$ cat protein17.pdb   # PDB, C-alpha atoms
ATOM      1  CA  MET U   1      28.960   4.248  13.167
ATOM      2  CA  GLU U   2      30.103   2.366  16.277
ATOM      3  CA  LYS U   3      26.920   3.273  18.153
ATOM      4  CA  GLU U   4      24.767   2.243  15.150
ATOM      5  CA  ALA U   5      26.493  -1.149  15.125
ATOM      6  CA  GLN U   6      25.861  -1.614  18.849
ATOM      7  CA  ILE U   7      22.120  -1.003  18.591
ATOM      8  CA  GLY U   8      21.705  -2.907  15.333
ATOM      9  CA  PHE U   9      20.744  -0.072  12.959
ATOM     10  CA  ALA U  10      21.951  -0.173   9.369
ATOM     11  CA  SER U  11      23.543   3.068   8.250
ATOM     12  CA  GLN U  12      22.063   2.646   4.757
ATOM     13  CA  PRO U  13      18.836   0.624   4.989
ATOM     14  CA  PRO U  14      16.848  -0.327   1.885
ATOM     15  CA  ILE U  15      14.508   2.417   0.688
ATOM     16  CA  GLY U  16      11.307   2.218  -1.317
ATOM     17  CA  HIS U  17       9.188   4.461  -3.494
ATOM     18  CA  PRO U  18       5.428   3.786  -3.209
ATOM     19  CA  VAL U  19       3.540   4.082  -6.493
ATOM     20  CA  ASP U  20      -0.184   3.691  -7.071
ATOM     21  CA  PHE U  21      -1.382   0.997  -9.459
ATOM     22  CA  GLY U  22      -2.860   3.284 -12.099
ATOM     23  CA  LYS U  23      -1.538   2.602 -15.594
ATOM     24  CA  ARG U  24       0.048   5.444 -17.527
ATOM     25  CA  ASN U  25       0.338   4.272 -21.142
ATOM     26  CA  GLU U  26       2.511   1.337 -20.072
ATOM     27  CA  PRO U  27       2.006  -2.435 -20.374
ATOM     28  CA  TYR U  28       1.948  -3.019 -16.607
ATOM     29  CA  PRO U  29       1.317  -0.573 -13.745
ATOM     30  CA  ALA U  30       4.325   1.450 -12.575
ATOM     31  CA  LEU U  31       6.857  -0.187 -14.906
ATOM     32  CA  GLY U  32       7.310   3.010 -16.902
ATOM     33  CA  PHE U  33       7.740   5.021 -13.706
ATOM     34  CA  TRP U  34      10.365   2.647 -12.324
ATOM     35  CA  ARG U  35      12.273   2.550 -15.608
ATOM     36  CA  THR U  36      12.566   6.331 -15.459
ATOM     37  CA  LEU U  37      13.464   6.341 -11.761
ATOM     38  CA  LEU U  38      16.106   3.634 -11.981
ATOM     39  CA  ASN U  39      17.667   5.093 -15.113
ATOM     40  CA  SER U  40      17.978   8.466 -13.389
ATOM     41  CA  LEU U  41      19.566   6.876 -10.301
ATOM     42  CA  ARG U  42      21.911   4.555 -12.162
ATOM     43  CA  GLY U  43      24.777   7.016 -12.352
ATOM     44  CA  THR U  44      24.432   8.565  -8.906
ATOM     45  CA  LYS U  45      27.012   7.842  -6.214
ATOM     46  CA  GLN U  46      25.081   9.527  -3.418
ATOM     47  CA  ARG U  47      24.439   7.148  -0.518
ATOM     48  CA  ASP U  48      24.214   4.154  -2.866
ATOM     49  CA  LEU U  49      20.592   4.998  -3.727
ATOM     50  CA  TYR U  50      20.480   2.853  -6.842
ATOM     51  CA  ASP U  51      21.412  -0.382  -5.086
ATOM     52  CA  ARG U  52      19.288   0.291  -1.974
ATOM     53  CA  LEU U  53      16.016   0.837  -3.797
ATOM     54  CA  PHE U  54      13.084  -1.581  -3.556
ATOM     55  CA  LEU U  55       9.820  -1.153  -5.472
ATOM     56  CA  ALA U  56       6.601  -0.481  -3.550
ATOM     57  CA  PRO U  57       3.451  -0.787  -5.658
ATOM     58  CA  GLN U  58      -0.073  -0.493  -4.275
ATOM     59  CA  PRO U  59      -2.103  -3.231  -6.010
ATOM     60  CA  GLN U  60      -5.628  -4.389  -5.426
ATOM     61  CA  ASN U  61      -5.401  -7.113  -8.094
ATOM     62  CA  ASP U  62      -6.130 -10.757  -7.413
ATOM     63  CA  ALA U  63      -3.484 -13.400  -6.779
ATOM     64  CA  THR U  64      -3.592 -14.726 -10.348
ATOM     65  CA  TYR U  65      -2.593 -11.311 -11.710
ATOM     66  CA  LEU U  66       0.095 -10.807  -9.090
ATOM     67  CA  PHE U  67       1.764 -14.211  -9.249
ATOM     68  CA  LYS U  68       0.633 -16.237 -12.280
ATOM     69  CA  ASN U  69      -0.747 -14.360 -15.271
ATOM     70  CA  ALA U  70      -0.698 -10.565 -15.547
ATOM     71  CA  GLU U  71      -2.680  -9.342 -18.551
ATOM     72  CA  GLY U  72      -2.374 -12.588 -20.496
ATOM     73  CA  SER U  73       1.426 -12.594 -20.352
ATOM     74  CA  GLY U  74       1.659 -16.056 -18.779
ATOM     75  CA  LYS U  75       3.701 -14.558 -15.915
ATOM     76  CA  GLY U  76       2.673 -12.885 -12.697
ATOM     77  CA  TYR U  77       3.280  -9.220 -11.972
ATOM     78  CA  VAL U  78       5.899 -10.001  -9.317
ATOM     79  CA  PRO U  79       8.175 -12.212 -11.461
ATOM     80  CA  LEU U  80       7.726  -9.850 -14.434
ATOM     81  CA  ASN U  81       9.037  -6.979 -12.328
ATOM     82  CA  TYR U  82      11.936  -8.980 -10.981
ATOM     83  CA  ASP U  83      12.926 -10.178 -14.447
ATOM     84  CA  GLU U  84      13.265  -6.594 -15.630
ATOM     85  CA  PHE U  85      14.548  -4.686 -12.602
ATOM     86  CA  LYS U  86      16.139  -7.292 -10.304
ATOM     87  CA  ARG U  87      14.614  -5.359  -7.405
ATOM     88  CA  PRO U  88      12.359  -6.788  -4.681
ATOM     89  CA  LEU U  89       8.787  -5.596  -4.293
ATOM     90  CA  LEU U  90       6.911  -4.619  -1.165
ATOM     91  CA  PHE U  91       3.139  -4.313  -1.527
ATOM     92  CA  THR U  92       2.323  -1.180   0.464
ATOM     93  CA  GLU U  93      -1.455  -1.162  -0.159
ATOM     94  CA  LEU U  94      -2.801  -4.667  -0.596
ATOM     95  CA  GLY U  95      -6.555  -5.148  -0.365
ATOM     96  CA  HIS U  96      -9.806  -5.050  -2.294
ATOM     97  CA  ASN U  97     -12.934  -2.935  -2.490
ATOM     98  CA  ARG U  98     -15.648  -4.326  -0.187
ATOM     99  CA  THR U  99     -18.335  -3.228  -2.634
ATOM    100  CA  ALA U 100     -17.126  -5.939  -5.060
ATOM    101  CA  PRO U 101     -19.070  -9.217  -4.717
ATOM    102  CA  ASP U 102     -15.927 -11.377  -4.516
ATOM    103  CA  TYR U 103     -13.900  -9.146  -2.185
ATOM    104  CA  LEU U 104     -13.279 -11.800   0.499
ATOM    105  CA  THR U 105     -12.055 -14.333  -2.074
ATOM    106  CA  VAL U 106      -9.711 -11.736  -3.586
ATOM    107  CA  VAL U 107      -8.268 -10.665  -0.218
ATOM    108  CA  ASP U 108      -7.831 -14.270   0.933
ATOM    109  CA  GLY U 109      -6.021 -15.150  -2.309
ATOM    110  CA  GLN U 110      -3.808 -12.070  -2.140
ATOM    111  CA  LEU U 111      -2.664 -12.898   1.380
ATOM    112  CA  LYS U 112      -2.237 -16.662   0.930
ATOM    113  CA  GLN U 113      -0.304 -16.344  -2.316
ATOM    114  CA  SER U 114       1.804 -13.412  -1.109
ATOM    115  CA  LEU U 115       2.882 -15.238   2.034
ATOM    116  CA  ALA U 116       3.659 -18.420   0.090
ATOM    117  CA  TYR U 117       5.474 -16.659  -2.749
ATOM    118  CA  GLY U 118       7.470 -14.423  -0.413
ATOM    119  CA  THR U 119       8.625 -17.489   1.525
ATOM    120  CA  GLN U 120       9.749 -19.220  -1.671
ATOM    121  CA  HIS U 121      11.205 -16.103  -3.331
ATOM    122  CA  PRO U 122      12.311 -13.622  -0.645
ATOM    123  CA  GLU U 123      14.569 -11.901  -3.167
ATOM    124  CA  GLN U 124      11.460 -10.948  -5.193
ATOM    125  CA  LEU U 125       8.866 -10.100  -2.522
ATOM    126  CA  LEU U 126       9.950  -8.448   0.722
ATOM    127  CA  GLY U 127       6.544  -8.246   2.339
ATOM    128  CA  ILE U 128       2.983  -6.968   2.224
ATOM    129  CA  CYS U 129       0.856  -4.355   3.970
ATOM    130  CA  HIS U 130      -2.906  -4.808   4.068
ATOM    131  CA  PHE U 131      -4.220  -1.281   4.282
ATOM    132  CA  GLN U 132      -7.119   0.509   5.942
ATOM    133  CA  PHE U 133      -8.354   4.061   5.386
ATOM    134  CA  ASP U 134      -9.566   4.578   8.945
ATOM    135  CA  ASP U 135      -9.115   8.348   8.916
ATOM    136  CA  LYS U 136     -11.512   9.116   6.046
ATOM    137  CA  VAL U 137     -14.732   9.081   8.024
ATOM    138  CA  TRP U 138     -16.339  11.623   5.681
ATOM    139  CA  LEU U 139     -16.493   8.962   2.960
ATOM    140  CA  CYS U 140     -19.064   6.990   4.977
ATOM    141  CA  PRO U 141     -21.282   9.546   6.700
ATOM    142  CA  THR U 142     -24.012   6.956   7.333
ATOM    143  CA  GLY U 143     -21.727   4.087   8.360
ATOM    144  CA  GLY U 144     -21.384   0.638   6.804
ATOM    145  CA  THR U 145     -19.820  -0.147   3.440
ATOM    146  CA  CYS U 146     -19.247   2.790   1.129
ATOM    147  CA  PRO U 147     -17.538   3.417  -2.219
ATOM    148  CA  SER U 148     -14.014   4.652  -2.889
ATOM    149  CA  GLU U 149     -11.222   4.501  -0.324
ATOM    150  CA  GLY U 150     -13.581   4.128   2.632
ATOM    151  CA  SER U 151     -14.481   0.611   1.441
ATOM    152  CA  PHE U 152     -11.008  -0.859   1.984
ATOM    153  CA  GLY U 153      -9.699  -2.485   5.121
ATOM    154  CA  VAL U 154     -10.772  -4.645   8.033
ATOM    155  CA  PHE U 155     -12.983  -2.074   9.767
ATOM    156  CA  SER U 156     -16.199  -0.355   8.693
ATOM    157  CA  HIS U 157     -17.622   2.955   9.836
ATOM    158  CA  THR U 158     -20.640   3.287  12.122
ATOM    159  CA  ASN U 159     -22.999   6.096  13.098
ATOM    160  CA  THR U 160     -21.522   6.285  16.620
ATOM    161  CA  VAL U 161     -19.570   9.542  16.849
ATOM    162  CA  LEU U 162     -16.909   9.318  19.556
ATOM    163  CA  PHE U 163     -16.190  13.038  19.961
ATOM    164  CA  MET U 164     -16.166  16.249  17.964
ATOM    165  CA  VAL U 165     -13.350  18.682  17.268
ATOM    166  CA  ASN U 166     -14.175  22.268  16.294
ATOM    167  CA  TYR U 167     -11.386  23.754  14.235
ATOM    168  CA  VAL U 168     -10.492  27.420  14.034
ATOM    169  CA  SER U 169      -8.091  29.137  11.669
ATOM    170  CA  GLY U 170      -5.329  29.112  14.279
ATOM    171  CA  ASP U 171      -5.188  25.309  14.129
ATOM    172  CA  PHE U 172      -3.651  25.461  10.652
ATOM    173  CA  THR U 173      -0.284  26.693   9.459
ATOM    174  CA  HIS U 174      -1.273  26.814   5.799
ATOM    175  CA  PHE U 175      -4.443  26.922   3.732
ATOM    176  CA  ASP U 176      -5.291  25.194   0.479
ATOM    177  CA  THR U 177      -8.530  27.048  -0.202
ATOM    178  CA  GLY U 178      -8.752  29.602   2.598
ATOM    179  CA  PRO U 179      -9.257  29.745   6.390
ATOM    180  CA  CYS U 180     -10.916  26.744   8.045
ATOM    181  CA  SER U 181     -12.955  28.406  10.773
ATOM    182  CA  ASN U 182     -15.791  26.422  12.351
ATOM    183  CA  GLN U 183     -14.962  23.189  10.548
ATOM    184  CA  LYS U 184     -15.846  20.035  12.481
ATOM    185  CA  LEU U 185     -14.135  16.646  12.699
ATOM    186  CA  LYS U 186     -16.399  13.875  14.005
ATOM    187  CA  PRO U 187     -14.497  10.558  14.261
ATOM    188  CA  ASP U 188     -16.825   7.578  14.456
ATOM    189  CA  ARG U 189     -16.467   4.181  16.087
ATOM    190  CA  LEU U 190     -15.125   1.522  13.725
ATOM    191  CA  THR U 191     -16.415  -2.042  13.738
ATOM    192  CA  GLN U 192     -14.813  -5.223  12.438
ATOM    193  CA  ASN U 193     -16.080  -6.354   9.041
ATOM    194  CA  PRO U 194     -15.617  -9.830   7.435
ATOM    195  CA  VAL U 195     -12.185  -8.879   6.053
ATOM    196  CA  TYR U 196     -10.869  -8.754   9.633
ATOM    197  CA  GLN U 197     -11.298 -12.497  10.129
ATOM    198  CA  THR U 198      -9.884 -13.257   6.676
ATOM    199  CA  VAL U 199      -6.714 -11.324   7.474
ATOM    200  CA  LYS U 200      -6.464 -12.858  10.946
ATOM    201  CA  ASN U 201      -6.888 -16.396   9.575
ATOM    202  CA  ASN U 202      -4.006 -15.900   7.144
ATOM    203  CA  TYR U 203      -1.659 -14.704   9.873
ATOM    204  CA  THR U 204      -2.672 -17.170  12.602
TER     205      THR U 204
END
$ encode --input "protein17.pdb" --output "structure tokens"
Amino acid sequence: MEKEAQIGFASQPPIGHPVDFGKRNEPYPALGFWRTLLNSLRGTKQRDLYDRLFLAPQPQNDATYLFKNAEGSGKGYVPLNYDEFKRPLLFTELGHNRTAPDYLTVVDGQLKQSLAYGTQHPEQLLGICHFQFDDKVWLCPTGGTCPSEGSFGVFSHTNTVLFMVNYVSGDFTHFDTGPCSNQKLKPDRLTQNPVYQTVKNNYT
């Protein structure tokens, strides 16, 4: 404990549980999950888990949904969560699909409103992470903008392959569907897309 104090580490830092933003028969994403989680932790004395927990959703919704009016409720998703759980949020996967026509407007609004709201209400919003799936090169085999997870983030794929890795079975310690002999990984060069400047502008 004395050494932890000297180097500035907390012995029991806040902990979070990331949850995707898919709804599961609940009025707002993840609320049902967190109700179950917090109720199960309420009685535990182990390492003060109940009081250390923060909530870590992964939204791609626009700023109006997040801060002003979620699903016609007249309240944003962030204050709705805080009203019920009295726990801060941390957005672990903020962003928007680049195949949507208004993606830059959505990302700009998410960042501007998150930074402003977090400054005004730090007890409700700890921070945000704008995410990038840069390791899923197989989603964009021809480069550019592509659907699904490969269309998020500030970089886009290109056709320039940087190097190739040939895998053999010995490279793996377990198998999901069988040995992976002669499988190839071909990482490509990423290039900045318009989201890059939008993110940079909001943090400059």
$ closest_residue --input "protein17.pdb" --among "U:Thr173, U:Thr92, U:Asn201, U:Asn97" --to "Leu126 in chain U" --atoms "all atoms listed in the file"
U:Thr92
$ resolve_selection --input "protein17.pdb" --expression "the PyMOL selection byres ((chain U and resi 186) around 7)" --output "NGL selection string"
:U and (161 or 163-165 or 184-185 or 187-188)
$ closest_residue --input "protein17.pdb" --among "U:Asn69, U:Ser151, U:Thr160, U:Thr119" --to "Gln132 in chain U" --atoms "only C-alpha atoms"
U:Ser151
$ resolve_selection --input "protein17.pdb" --expression "the PyMOL selection byres ((chain U and resi 58) around 12)" --output "list in words"
His17, Pro18, Val19, Asp20, Phe21, Gly22, Lys23, Pro29, Ala30, Leu55, Ala56, Pro57, Pro59, Gln60, Asn61, Leu66, Leu89, Leu90, Phe91, Thr92, Glu93, Leu94, Gly95, His96, Ile128, Cys129, His130 and Phe131 of chain U
$ closest_residue --input "protein17.pdb" --among "U:Gln110, U:Asn39, U:Thr105, U:Thr99" --to "Lys68 in chain U" --atoms "only C-alpha atoms"
U:Gln110
$ residues_near_point --input "protein17.pdb" --point "(-10.1, -15.0, 5.5)" --cutoff "9 Å" --atoms "only C-alpha atoms" --output "list in words"
Leu104, Thr105, Val107, Asp108, Gly109, Leu111, Pro194, Val195, Tyr196, Gln197, Thr198, Val199, Lys200, Asn201 and Asn202 of chain U
$ decode --input "protein17.pdb" --residues "range 44-78 of chain U" --atoms "N, CA and C atoms" --output "JSON list (two decimals), in the first residue's frame"
[["chain", "number", "residue", "atom", "x", "y", "z"],
["U", 44, "THR", "N", -22.65, -7.73, -2.28],
["U", 44, "THR", "CA", -21.30, -8.26, -2.16],
["U", 44, "THR", "C", -20.39, -7.29, -1.41],
["U", 45, "LYS", "N", -19.48, -7.86, -0.62],
["U", 45, "LYS", "CA", -18.51, -7.05, 0.12],
["U", 45, "LYS", "C", -17.13, -7.15, -0.52],
["U", 46, "GLN", "N", -17.00, -7.95, -1.56],
["U", 46, "GLN", "CA", -15.69, -8.21, -2.14],
["U", 46, "GLN", "C", -15.16, -6.99, -2.89],
["U", 47, "ARG", "N", -14.09, -6.43, -2.41],
["U", 47, "ARG", "CA", -13.35, -5.34, -3.05],
["U", 47, "ARG", "C", -14.25, -4.17, -3.46],
["U", 48, "ASP", "N", -15.35, -3.99, -2.76],
["U", 48, "ASP", "CA", -16.21, -2.82, -2.96],
["U", 48, "ASP", "C", -16.67, -2.69, -4.41],
["U", 49, "LEU", "N", -16.97, -3.81, -5.05],
["U", 49, "LEU", "CA", -17.30, -3.82, -6.48],
["U", 49, "LEU", "C", -18.52, -2.96, -6.80],
["U", 50, "TYR", "N", -19.51, -2.99, -5.93],
["U", 50, "TYR", "CA", -20.75, -2.27, -6.21],
["U", 50, "TYR", "C", -20.49, -0.77, -6.34],
["U", 51, "ASP", "N", -19.73, -0.22, -5.42],
["U", 51, "ASP", "CA", -19.51, 1.23, -5.42],
["U", 51, "ASP", "C", -18.47, 1.68, -6.44],
["U", 52, "ARG", "N", -17.63, 0.76, -6.93],
["U", 52, "ARG", "CA", -16.58, 1.13, -7.88],
["U", 52, "ARG", "C", -17.05, 1.08, -9.33],
["U", 53, "LEU", "N", -18.22, 0.52, -9.58],
["U", 53, "LEU", "CA", -18.63, 0.25, -10.94],
["U", 53, "LEU", "C", -19.07, 1.51, -11.68],
["U", 54, "PHE", "N", -18.57, 1.69, -12.92],
["U", 54, "PHE", "CA", -19.16, 2.67, -13.84],
["U", 54, "PHE", "C", -19.71, 1.92, -15.04],
["U", 55, "LEU", "N", -20.60, 2.55, -15.78],
["U", 55, "LEU", "CA", -21.31, 1.90, -16.88],
["U", 55, "LEU", "C", -20.67, 2.29, -18.21],
["U", 56, "ALA", "N", -20.45, 1.33, -19.09],
["U", 56, "ALA", "CA", -19.67, 1.58, -20.30],
["U", 56, "ALA", "C", -20.43, 1.10, -21.54],
["U", 57, "PRO", "N", -21.41, 1.88, -21.99],
["U", 57, "PRO", "CA", -22.14, 1.49, -23.20],
["U", 57, "PRO", "C", -21.36, 1.83, -24.46],
["U", 58, "GLN", "N", -21.81, 1.26, -25.58],
["U", 58, "GLN", "CA", -21.12, 1.45, -26.86],
["U", 58, "GLN", "C", -22.12, 2.00, -27.88],
["U", 59, "PRO", "N", -22.49, 3.27, -27.76],
["U", 59, "PRO", "CA", -23.54, 3.82, -28.64],
["U", 59, "PRO", "C", -23.00, 4.38, -29.94],
["U", 60, "GLN", "N", -23.84, 4.33, -30.95],
["U", 60, "GLN", "CA", -23.57, 5.06, -32.18],
["U", 60, "GLN", "C", -24.69, 6.05, -32.47],
["U", 61, "ASN", "N", -25.50, 6.34, -31.47],
["U", 61, "ASN", "CA", -26.64, 7.25, -31.61],
["U", 61, "ASN", "C", -26.18, 8.70, -31.71],
["U", 62, "ASP", "N", -27.07, 9.55, -32.22],
["U", 62, "ASP", "CA", -26.71, 10.96, -32.35],
["U", 62, "ASP", "C", -26.81, 11.67, -31.00],
["U", 63, "ALA", "N", -26.35, 12.92, -30.99],
["U", 63, "ALA", "CA", -26.28, 13.68, -29.74],
["U", 63, "ALA", "C", -27.65, 13.93, -29.13],
["U", 64, "THR", "N", -28.66, 14.11, -29.96],
["U", 64, "THR", "CA", -30.02, 14.34, -29.43],
["U", 64, "THR", "C", -30.45, 13.15, -28.60],
["U", 65, "TYR", "N", -30.25, 11.93, -29.10],
["U", 65, "TYR", "CA", -30.62, 10.73, -28.35],
["U", 65, "TYR", "C", -29.82, 10.64, -27.05],
["U", 66, "LEU", "N", -28.54, 10.91, -27.13],
["U", 66, "LEU", "CA", -27.67, 10.72, -25.97],
["U", 66, "LEU", "C", -27.89, 11.74, -24.88],
["U", 67, "PHE", "N", -28.24, 12.98, -25.25],
["U", 67, "PHE", "CA", -28.25, 14.04, -24.24],
["U", 67, "PHE", "C", -29.58, 14.79, -24.09],
["U", 68, "LYS", "N", -30.50, 14.65, -25.06],
["U", 68, "LYS", "CA", -31.71, 15.48, -24.99],
["U", 68, "LYS", "C", -33.02, 14.70, -25.02],
["U", 69, "ASN", "N", -33.14, 13.72, -25.91],
["U", 69, "ASN", "CA", -34.45, 13.09, -26.07],
["U", 69, "ASN", "C", -34.27, 11.66, -26.59],
["U", 70, "ALA", "N", -34.16, 10.71, -25.68],
["U", 70, "ALA", "CA", -34.03, 9.31, -26.06],
["U", 70, "ALA", "C", -35.41, 8.69, -26.22],
["U", 71, "GLU", "N", -35.73, 8.29, -27.43],
["U", 71, "GLU", "CA", -36.96, 7.55, -27.72],
["U", 71, "GLU", "C", -38.23, 8.28, -27.27],
["U", 72, "GLY", "N", -38.23, 9.60, -27.46],
["U", 72, "GLY", "CA", -39.41, 10.39, -27.15],
["U", 72, "GLY", "C", -39.67, 10.61, -25.67],
["U", 73, "SER", "N", -38.68, 10.33, -24.84],
["U", 73, "SER", "CA", -38.85, 10.43, -23.39],
["U", 73, "SER", "C", -38.75, 11.87, -22.89],
["U", 74, "GLY", "N", -38.16, 12.76, -23.71],
["U", 74, "GLY", "CA", -37.91, 14.12, -23.26],
["U", 74, "GLY", "C", -36.64, 14.27, -22.45],
["U", 75, "LYS", "N", -35.90, 13.16, -22.29],
["U", 75, "LYS", "CA", -34.62, 13.17, -21.57],
["U", 75, "LYS", "C", -33.60, 12.41, -22.40],
["U", 76, "GLY", "N", -32.35, 12.81, -22.29],
["U", 76, "GLY", "CA", -31.28, 12.11, -22.98],
["U", 76, "GLY", "C", -30.93, 10.81, -22.30],
["U", 77, "TYR", "N", -30.24, 9.94, -23.04],
["U", 77, "TYR", "CA", -29.85, 8.64, -22.52],
["U", 77, "TYR", "C", -28.94, 8.77, -21.30],
["U", 78, "VAL", "N", -28.04, 9.73, -21.32],
["U", 78, "VAL", "CA", -27.10, 9.89, -20.20],
["U", 78, "VAL", "C", -27.84, 10.29, -18.91]]
